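Q: Got a structure for you, questions after.
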Amino acid sequence: MKDTRALFCLCTFILFSCLFIQYAGGYSRRQFSSKNGLSSSSIVSVYQDRSGYMWFGTYDGLNTFDGLNIRIYKPAEGENNLSGNLIEKIIEGEDDVFWILTNYGLDRFNRRTQSSLTFPQFKRGNQMVCGLNHEMYVIQEEHYIDYNLPGEDHFRRVYVEELVSNRILDMFVDQENVLRIFTDDDHSLNLSIGWKDKELQLTPVDDFRHDRKLVRCFHDDQAVYFIDDAYILYEYDPVSNRKYYVYDVRQECGQKGEVVSIIKLSNDDYVMAFKHRGLVQLKSLPEQKNKYSPEGLEVNSRIFTMVKDRTRDIIWLGTDGAGALMYFMDDYSLKHSPLRDFRRPVTNPYGLYIMMMNVPFGWVQKEMDY
């Protein structure tokens, strides 16, 4: 009974604390940074794994956060040695395996054994994606795709005549096991993936076509979001092979410059992150002639990356010097919630789950422990 009363008091305190943070006059400007235990406040890459845990790639090491503790990996730490301290990309492979692209190579890091295998031939600027069977694809040279199969300690290579590596904007493997490569021209290269004796067999399938060149392209599990050279934002559905006009973003791009990411929220709003000028939320207005209304939110730091939470309308930003910023959706607009206000460890999964039920704060997927 005492435990129940204590838990009720704790949940009530958390609820009112979070409501105060959300609505008490203006945005807090405290961030999750080196002051909170990260190895650096310059965060180049952000990744959320299948368990909901967060990975931050910085200018000075890899940081993992399980909701309770931060763990830091750097090149000078023995068996869990990484090849470099600048962490450009993080991708999850098979169970407990993560691919970490550094300034000195591509590391296959095993979280369970705390060990890594480095492939030094792959360095900064590579395009990389994980397939449906956890195979890894890397593109760094013209006309070639390098790939690694789970459990193997080497990469194989396949030649693709149509592939021009320096024109790639985005690539991913869809649920039909098609490798889709979007470039800065008016179409994509779509390659159906097959296997014969562990050798990759790629078969061209119908390409995506557009009437103008593409300048930016991003994707999530549901769709592709691209801006063409007329600065029109479109959403493209690979399954139906249909594209949809979203909004003319010429004014926003003219005022704010380079777009580093685009995501779509569950309420049909879009969020655009600009490298130097913060965020723009395209708020859905389905009953009006102009379907969207832009609303800006300044971020006082350069933005490297923007990632959406796997299950909730939570946005993570990796910034240059301001650490990791977390934004969540209320009924009307984006709100800034500083991670440092939640830095006290949660001592059991049940308490953390209660925390998530009272606010849109679902960045760690924990089960209730009765």
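Following the order of the structure tokens, first chain is A, next is B, and so on, with residues numbered from 1 inside each chain and ligands from 1 in the order they appear.
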If we count only C-alpha atoms and set the cut-off at 9 Å, which residues sit around region 148-154 of chain A, ignoring sequence neighbours fewer than 6 positions away in its own chain? Please answer as a ChimeraX atom specification.

A: /A:93-94,117,119,133-138,198

Q: Would you export the selected residues with C-alpha atoms as a PDB file, in the first residue's frame, please?

A:
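For reference, part.pdb as written:
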ATOM      1  CA  GLY A  93      21.815  -4.129 -38.274  1.00  0.00           C
ATOM      2  CA  GLU A  94      21.069  -7.587 -36.926  1.00  0.00           C
ATOM      3  CA  LEU A 117      35.339  -4.592 -36.540  1.00  0.00           C
ATOM      4  CA  PHE A 119      36.390  -1.501 -42.508  1.00  0.00           C
ATOM      5  CA  ASN A 133      17.634  -9.182 -43.858  1.00  0.00           C
ATOM      6  CA  HIS A 134      20.106  -6.878 -42.085  1.00  0.00           C
ATOM      7  CA  GLU A 135      22.609  -6.885 -44.913  1.00  0.00           C
ATOM      8  CA  MET A 136      24.531  -3.604 -45.240  1.00  0.00           C
ATOM      9  CA  TYR A 137      24.883  -1.681 -48.504  1.00  0.00           C
ATOM     10  CA  VAL A 138      27.503   1.046 -49.005  1.00  0.00           C
ATOM     11  CA  LYS A 198      25.170 -15.306 -51.313  1.00  0.00           C
TER      12      LYS A 198
END

Q: Can you check which residues of region 177-355 of chain A DSSP gives as alpha helix (DSSP H) on the backbone and send them as a PyMOL selection string?

A: chain A and resi 250-256+349-355

Q: Give me a file of those residues, with all heavy atoms, as a short mmCIF file (atom, residue, chain, number, x, y, z; two decimals), in the first residue's frame.

A:
data_model
loop_
_atom_site.label_atom_id
_atom_site.label_comp_id
_atom_site.auth_asym_id
_atom_site.auth_seq_id
_atom_site.Cartn_x
_atom_site.Cartn_y
_atom_site.Cartn_z
N ARG A 250 9.11 27.85 -51.68
CA ARG A 250 10.09 28.79 -52.22
C ARG A 250 10.42 29.89 -51.21
O ARG A 250 11.59 30.25 -50.99
CB ARG A 250 9.58 29.41 -53.51
CG ARG A 250 10.56 30.39 -54.15
CD ARG A 250 9.95 31.02 -55.40
NE ARG A 250 9.65 30.00 -56.38
CZ ARG A 250 10.56 29.54 -57.27
NH1 ARG A 250 11.78 30.03 -57.25
NH2 ARG A 250 10.22 28.63 -58.14
N GLN A 251 9.40 30.46 -50.59
CA GLN A 251 9.63 31.55 -49.64
C GLN A 251 10.41 31.07 -48.43
O GLN A 251 11.36 31.72 -47.98
CB GLN A 251 8.30 32.16 -49.19
CG GLN A 251 8.46 33.31 -48.22
CD GLN A 251 7.13 33.97 -47.87
OE1 GLN A 251 6.13 33.75 -48.54
NE2 GLN A 251 7.12 34.76 -46.82
N GLU A 252 10.03 29.90 -47.90
CA GLU A 252 10.73 29.38 -46.72
C GLU A 252 12.19 29.06 -47.04
O GLU A 252 13.09 29.39 -46.26
CB GLU A 252 10.02 28.12 -46.21
CG GLU A 252 8.70 28.37 -45.51
CD GLU A 252 7.60 28.86 -46.45
OE1 GLU A 252 7.65 28.49 -47.65
OE2 GLU A 252 6.70 29.58 -46.00
N CYS A 253 12.44 28.44 -48.18
CA CYS A 253 13.81 28.12 -48.56
C CYS A 253 14.62 29.38 -48.87
O CYS A 253 15.81 29.46 -48.57
CB CYS A 253 13.82 27.18 -49.77
SG CYS A 253 13.20 25.52 -49.40
N GLY A 254 13.96 30.39 -49.48
CA GLY A 254 14.64 31.64 -49.76
C GLY A 254 15.05 32.38 -48.50
O GLY A 254 16.10 33.01 -48.44
N GLN A 255 14.23 32.29 -47.46
CA GLN A 255 14.52 32.97 -46.20
C GLN A 255 15.47 32.20 -45.31
O GLN A 255 16.31 32.78 -44.62
CB GLN A 255 13.22 33.24 -45.44
CG GLN A 255 12.29 34.22 -46.11
CD GLN A 255 10.97 34.34 -45.39
OE1 GLN A 255 10.62 33.52 -44.53
NE2 GLN A 255 10.21 35.37 -45.74
N LYS A 256 15.38 30.86 -45.34
CA LYS A 256 16.09 30.07 -44.35
C LYS A 256 17.22 29.22 -44.93
O LYS A 256 18.06 28.70 -44.20
CB LYS A 256 15.11 29.16 -43.61
CG LYS A 256 14.13 29.94 -42.75
CD LYS A 256 13.18 29.03 -42.01
CE LYS A 256 12.29 29.81 -41.05
NZ LYS A 256 13.05 30.41 -39.94
N PRO A 349 11.11 0.63 -14.55
CA PRO A 349 10.40 0.84 -15.82
C PRO A 349 8.98 1.34 -15.65
O PRO A 349 8.48 2.07 -16.49
CB PRO A 349 10.43 -0.55 -16.47
CG PRO A 349 11.58 -1.25 -15.83
CD PRO A 349 11.63 -0.73 -14.43
N TYR A 350 8.31 0.96 -14.53
CA TYR A 350 6.94 1.39 -14.33
C TYR A 350 6.86 2.91 -14.18
O TYR A 350 6.01 3.56 -14.77
CB TYR A 350 6.37 0.73 -13.07
CG TYR A 350 4.91 1.02 -12.84
CD1 TYR A 350 3.93 0.30 -13.51
CD2 TYR A 350 4.51 2.03 -11.96
CE1 TYR A 350 2.59 0.58 -13.30
CE2 TYR A 350 3.18 2.30 -11.74
CZ TYR A 350 2.22 1.58 -12.42
OH TYR A 350 0.90 1.84 -12.22
N GLY A 351 7.79 3.48 -13.40
CA GLY A 351 7.81 4.92 -13.23
C GLY A 351 8.05 5.63 -14.55
O GLY A 351 7.44 6.67 -14.83
N LEU A 352 8.92 5.08 -15.39
CA LEU A 352 9.20 5.68 -16.68
C LEU A 352 7.98 5.61 -17.59
O LEU A 352 7.68 6.56 -18.31
CB LEU A 352 10.40 4.98 -17.33
CG LEU A 352 10.87 5.57 -18.67
CD1 LEU A 352 11.21 7.04 -18.50
CD2 LEU A 352 12.06 4.79 -19.18
N TYR A 353 7.25 4.51 -17.53
CA TYR A 353 6.06 4.36 -18.36
C TYR A 353 4.98 5.36 -17.94
O TYR A 353 4.32 5.96 -18.78
CB TYR A 353 5.53 2.94 -18.26
CG TYR A 353 4.56 2.60 -19.35
CD1 TYR A 353 5.00 2.03 -20.54
CD2 TYR A 353 3.20 2.86 -19.20
CE1 TYR A 353 4.11 1.73 -21.56
CE2 TYR A 353 2.29 2.56 -20.21
CZ TYR A 353 2.76 1.99 -21.38
OH TYR A 353 1.89 1.70 -22.39
N ILE A 354 4.80 5.57 -16.63
CA ILE A 354 3.85 6.56 -16.14
C ILE A 354 4.25 7.94 -16.67
O ILE A 354 3.42 8.74 -17.09
CB ILE A 354 3.82 6.56 -14.60
CG1 ILE A 354 3.21 5.25 -14.09
CG2 ILE A 354 3.04 7.76 -14.09
CD1 ILE A 354 1.76 5.07 -14.43
N MET A 355 5.55 8.20 -16.67
CA MET A 355 6.06 9.47 -17.17
C MET A 355 5.64 9.67 -18.63
O MET A 355 5.22 10.75 -19.04
CB MET A 355 7.58 9.47 -17.04
CG MET A 355 8.26 10.79 -17.25
SD MET A 355 10.02 10.54 -17.00
CE MET A 355 10.55 12.23 -16.83
#

Q: List the neighbours of Leu101 (chain A) out to 7 Å using only C-alpha atoms; skip same-chain residues closer than 5 positions along the sequence, and give me the result as a ChimeraX atom specification.

A: /A:87-90,106-107,123

Q: Using only C-alpha atoms, determine which residues lie at most 9 Å from Ser165 (chain A), disregarding the query and same-chain residues fewer than 5 positions distant; provide the list as a PDB file with N, CA and C atoms, in the first residue's frame.

A:
ATOM      1  N   ASN A 126      30.015   8.523 -47.303  1.00  0.00           N
ATOM      2  CA  ASN A 126      29.414   7.377 -47.993  1.00  0.00           C
ATOM      3  C   ASN A 126      27.889   7.366 -47.830  1.00  0.00           C
ATOM      4  N   GLN A 127      27.218   6.793 -48.826  1.00  0.00           N
ATOM      5  CA  GLN A 127      25.803   6.472 -48.701  1.00  0.00           C
ATOM      6  C   GLN A 127      25.705   5.042 -48.177  1.00  0.00           C
ATOM      7  N   ILE A 139      27.664   2.743 -50.721  1.00  0.00           N
ATOM      8  CA  ILE A 139      28.038   3.283 -52.029  1.00  0.00           C
ATOM      9  C   ILE A 139      29.056   4.393 -51.813  1.00  0.00           C
ATOM     10  N   GLN A 140      30.264   4.203 -52.349  1.00  0.00           N
ATOM     11  CA  GLN A 140      31.261   5.258 -52.279  1.00  0.00           C
ATOM     12  C   GLN A 140      31.984   5.470 -53.607  1.00  0.00           C
ATOM     13  N   GLU A 141      31.896   4.514 -54.522  1.00  0.00           N
ATOM     14  CA  GLU A 141      32.546   4.643 -55.819  1.00  0.00           C
ATOM     15  C   GLU A 141      31.511   4.609 -56.940  1.00  0.00           C
ATOM     16  N   GLU A 142      31.857   5.243 -58.036  1.00  0.00           N
ATOM     17  CA  GLU A 142      30.990   5.223 -59.202  1.00  0.00           C
ATOM     18  C   GLU A 142      30.730   3.786 -59.659  1.00  0.00           C
ATOM     19  N   HIS A 143      29.458   3.462 -59.918  1.00  0.00           N
ATOM     20  CA  HIS A 143      29.036   2.208 -60.539  1.00  0.00           C
ATOM     21  C   HIS A 143      29.156   0.975 -59.634  1.00  0.00           C
ATOM     22  N   TYR A 144      29.476   1.144 -58.361  1.00  0.00           N
ATOM     23  CA  TYR A 144      29.648  -0.029 -57.497  1.00  0.00           C
ATOM     24  C   TYR A 144      28.821   0.097 -56.211  1.00  0.00           C
ATOM     25  N   THR A 183      18.253  10.444 -56.948  1.00  0.00           N
ATOM     26  CA  THR A 183      19.365  11.304 -57.336  1.00  0.00           C
ATOM     27  C   THR A 183      18.855  12.705 -57.673  1.00  0.00           C
TER      28      THR A 183
END

Q: List every residue of region 112-356 of chain A that DSSP, applied to the backbone of this structure, places in strand (DSSP E or B), and write the result as an MDAnalysis selection string.

A: chainID A and resid 115:119 127:130 136:139 144:148 156:159 168:173 178:183 187:196 199:204 209 214:219 224:228 232:237 242:248 259:264 270:274 278:284 292:297 303:308 314:320 324:329 334:337

Q: For Lys243 (chain A), list every protein, DNA or RNA residue within 10 Å, evaluated using only C-alpha atoms, and leave out those in the same chain fewer than 2 positions away; present the list as a PDB file with N, CA, C and O atoms, in the first residue's frame.

A:
ATOM      1  N   PHE A 208      10.926   5.775 -60.455  1.00  0.00           N
ATOM      2  CA  PHE A 208      10.151   6.966 -60.130  1.00  0.00           C
ATOM      3  C   PHE A 208      10.501   8.058 -61.151  1.00  0.00           C
ATOM      4  O   PHE A 208      11.664   8.232 -61.517  1.00  0.00           O
ATOM      5  N   ARG A 209       9.487   8.786 -61.611  1.00  0.00           N
ATOM      6  CA  ARG A 209       9.708   9.859 -62.579  1.00  0.00           C
ATOM      7  C   ARG A 209       9.069  11.154 -62.084  1.00  0.00           C
ATOM      8  O   ARG A 209       7.994  11.139 -61.487  1.00  0.00           O
ATOM      9  N   HIS A 210       9.774  12.258 -62.360  1.00  0.00           N
ATOM     10  CA  HIS A 210       9.248  13.578 -62.028  1.00  0.00           C
ATOM     11  C   HIS A 210       9.577  14.508 -63.189  1.00  0.00           C
ATOM     12  O   HIS A 210      10.508  14.247 -63.961  1.00  0.00           O
ATOM     13  N   ALA A 223       6.801   6.958 -46.594  1.00  0.00           N
ATOM     14  CA  ALA A 223       6.800   7.758 -47.816  1.00  0.00           C
ATOM     15  C   ALA A 223       8.139   8.430 -48.037  1.00  0.00           C
ATOM     16  O   ALA A 223       9.034   8.384 -47.182  1.00  0.00           O
ATOM     17  N   VAL A 224       8.243   9.085 -49.202  1.00  0.00           N
ATOM     18  CA  VAL A 224       9.402   9.892 -49.577  1.00  0.00           C
ATOM     19  C   VAL A 224       8.944  11.343 -49.664  1.00  0.00           C
ATOM     20  O   VAL A 224       7.844  11.628 -50.161  1.00  0.00           O
ATOM     21  N   TYR A 225       9.773  12.275 -49.190  1.00  0.00           N
ATOM     22  CA  TYR A 225       9.462  13.691 -49.238  1.00  0.00           C
ATOM     23  C   TYR A 225      10.579  14.385 -50.009  1.00  0.00           C
ATOM     24  O   TYR A 225      11.743  14.289 -49.621  1.00  0.00           O
ATOM     25  N   PHE A 226      10.216  15.070 -51.097  1.00  0.00           N
ATOM     26  CA  PHE A 226      11.257  15.691 -51.899  1.00  0.00           C
ATOM     27  C   PHE A 226      10.867  17.099 -52.313  1.00  0.00           C
ATOM     28  O   PHE A 226       9.681  17.445 -52.402  1.00  0.00           O
ATOM     29  N   TYR A 234       6.835  17.731 -52.353  1.00  0.00           N
ATOM     30  CA  TYR A 234       5.942  16.631 -52.705  1.00  0.00           C
ATOM     31  C   TYR A 234       6.116  15.479 -51.716  1.00  0.00           C
ATOM     32  O   TYR A 234       7.180  15.307 -51.114  1.00  0.00           O
ATOM     33  N   GLU A 235       5.058  14.702 -51.602  1.00  0.00           N
ATOM     34  CA  GLU A 235       5.133  13.408 -50.917  1.00  0.00           C
ATOM     35  C   GLU A 235       4.928  12.315 -51.965  1.00  0.00           C
ATOM     36  O   GLU A 235       4.036  12.424 -52.813  1.00  0.00           O
ATOM     37  N   TYR A 236       5.763  11.295 -51.902  1.00  0.00           N
ATOM     38  CA  TYR A 236       5.694  10.207 -52.880  1.00  0.00           C
ATOM     39  C   TYR A 236       5.501   8.883 -52.158  1.00  0.00           C
ATOM     40  O   TYR A 236       6.208   8.568 -51.187  1.00  0.00           O
ATOM     41  N   ASP A 237       4.531   8.104 -52.618  1.00  0.00           N
ATOM     42  CA  ASP A 237       4.237   6.784 -52.061  1.00  0.00           C
ATOM     43  C   ASP A 237       4.838   5.716 -52.982  1.00  0.00           C
ATOM     44  O   ASP A 237       4.328   5.495 -54.078  1.00  0.00           O
ATOM     45  N   PRO A 238       5.915   5.036 -52.569  1.00  0.00           N
ATOM     46  CA  PRO A 238       6.530   4.033 -53.441  1.00  0.00           C
ATOM     47  C   PRO A 238       5.624   2.845 -53.748  1.00  0.00           C
ATOM     48  O   PRO A 238       5.760   2.220 -54.808  1.00  0.00           O
ATOM     49  N   SER A 240       2.231   2.721 -54.231  1.00  0.00           N
ATOM     50  CA  SER A 240       1.281   3.032 -55.297  1.00  0.00           C
ATOM     51  C   SER A 240       1.927   3.750 -56.473  1.00  0.00           C
ATOM     52  O   SER A 240       1.290   3.938 -57.508  1.00  0.00           O
ATOM     53  N   ASN A 241       3.193   4.162 -56.286  1.00  0.00           N
ATOM     54  CA  ASN A 241       3.923   4.928 -57.310  1.00  0.00           C
ATOM     55  C   ASN A 241       3.190   6.228 -57.647  1.00  0.00           C
ATOM     56  O   ASN A 241       3.147   6.666 -58.794  1.00  0.00           O
ATOM     57  N   TYR A 245       1.237  16.720 -54.383  1.00  0.00           N
ATOM     58  CA  TYR A 245       1.673  18.088 -54.108  1.00  0.00           C
ATOM     59  C   TYR A 245       1.386  18.421 -52.651  1.00  0.00           C
ATOM     60  O   TYR A 245       0.293  18.156 -52.146  1.00  0.00           O
ATOM     61  N   VAL A 246       2.364  19.028 -51.968  1.00  0.00           N
ATOM     62  CA  VAL A 246       2.170  19.418 -50.572  1.00  0.00           C
ATOM     63  C   VAL A 246       2.125  20.933 -50.426  1.00  0.00           C
ATOM     64  O   VAL A 246       1.123  21.500 -49.979  1.00  0.00           O
TER      65      VAL A 246
END

Q: I need the residue nearest Asp313 (chain A) from this list: A:His276, A:Arg167, A:Lys264, A:Arg71. Use only C-alpha atoms for the distance.

A: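 Going through A:His276, A:Arg167, A:Lys264, A:Arg71 one by one, the smallest distance to Asp313 (chain A) is for A:Lys264.
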
Q: Within 10 Å of region 40-63 of chain A, which residues of region 99-134 of chain A come that close, and what is the closest atom pair and distance in Å for each? Count only C-alpha atoms and give it as CSV.

A:
residue,atom,partner,partner_atom,distance
A:Ile100,CA,A:Gly57,CA,8.7
A:Leu101,CA,A:Gly57,CA,9.4
A:Thr102,CA,A:Gly57,CA,9.1
A:Asn103,CA,A:Tyr59,CA,9.7

Q: Filtering to all heavy atoms, could you give me those residues as an mmCIF file, in the first residue's frame?

A:
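Output file selection-v1.cif follows:
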data_model
loop_
_atom_site.group_PDB
_atom_site.id
_atom_site.type_symbol
_atom_site.label_atom_id
_atom_site.label_comp_id
_atom_site.auth_asym_id
_atom_site.auth_seq_id
_atom_site.Cartn_x
_atom_site.Cartn_y
_atom_site.Cartn_z
ATOM 1 N N ILE A 100 28.617 1.976 -37.515
ATOM 2 C CA ILE A 100 29.012 3.313 -37.106
ATOM 3 C C ILE A 100 30.014 3.862 -38.119
ATOM 4 O O ILE A 100 31.120 3.321 -38.268
ATOM 5 C CB ILE A 100 29.663 3.309 -35.702
ATOM 6 C CG1 ILE A 100 28.846 2.454 -34.707
ATOM 7 C CG2 ILE A 100 29.868 4.729 -35.210
ATOM 8 C CD1 ILE A 100 27.471 2.967 -34.429
ATOM 9 N N LEU A 101 29.633 4.924 -38.825
ATOM 10 C CA LEU A 101 30.531 5.549 -39.789
ATOM 11 C C LEU A 101 31.282 6.686 -39.103
ATOM 12 O O LEU A 101 30.677 7.626 -38.596
ATOM 13 C CB LEU A 101 29.749 6.089 -40.988
ATOM 14 C CG LEU A 101 30.592 6.727 -42.101
ATOM 15 C CD1 LEU A 101 31.505 5.691 -42.750
ATOM 16 C CD2 LEU A 101 29.691 7.378 -43.143
ATOM 17 N N THR A 102 32.609 6.579 -39.078
ATOM 18 C CA THR A 102 33.445 7.590 -38.447
ATOM 19 C C THR A 102 34.308 8.281 -39.502
ATOM 20 O O THR A 102 34.231 7.974 -40.692
ATOM 21 C CB THR A 102 34.357 6.973 -37.370
ATOM 22 O OG1 THR A 102 35.506 6.371 -37.993
ATOM 23 C CG2 THR A 102 33.618 5.925 -36.545
ATOM 24 N N ASN A 103 35.143 9.187 -39.038
ATOM 25 C CA ASN A 103 36.043 9.882 -39.957
ATOM 26 C C ASN A 103 37.207 9.006 -40.408
ATOM 27 O O ASN A 103 37.978 9.413 -41.290
ATOM 28 C CB ASN A 103 36.578 11.157 -39.302
ATOM 29 C CG ASN A 103 37.127 10.936 -37.903
ATOM 30 O OD1 ASN A 103 36.665 10.058 -37.183
ATOM 31 N ND2 ASN A 103 38.095 11.733 -37.502
#

Q: Provide the CA of Thr305 (chain A) to CA of Ile145 (chain A) distance in Å, to one decimal place.

A: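 Result for CA of Thr305 (chain A) versus CA of Ile145 (chain A): 25.0 Å, one decimal.
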
Q: Find the residues around Val239 (chain A) up to 9 Å (only C-alpha atoms counted), leave out those fewer than 6 positions away in its own chain, and share them as a PyMOL selection string.

A: chain A and resi 174-176+223

Q: Need the shell around Ser83 (chain A): protein/DNA/RNA residues with any atom at most 6 Å away, counting only C-alpha atoms. Skip same-chain ones fewer than 3 positions apart. Format as an NGL selection string?

A: :A and (75 or 104-105)

Q: So what do you get for CA of Val280 (chain A) versus CA of Thr319 (chain A), distance-wise?

A: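 These two atoms are separated by 16.0 Å.
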
Q: Which distance in Å separates CA of Ile303 (chain A) and CA of Leu282 (chain A), to one decimal?

A: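 Atom-to-atom, CA of Ile303 (chain A) to CA of Leu282 (chain A), that is 18.3 Å.
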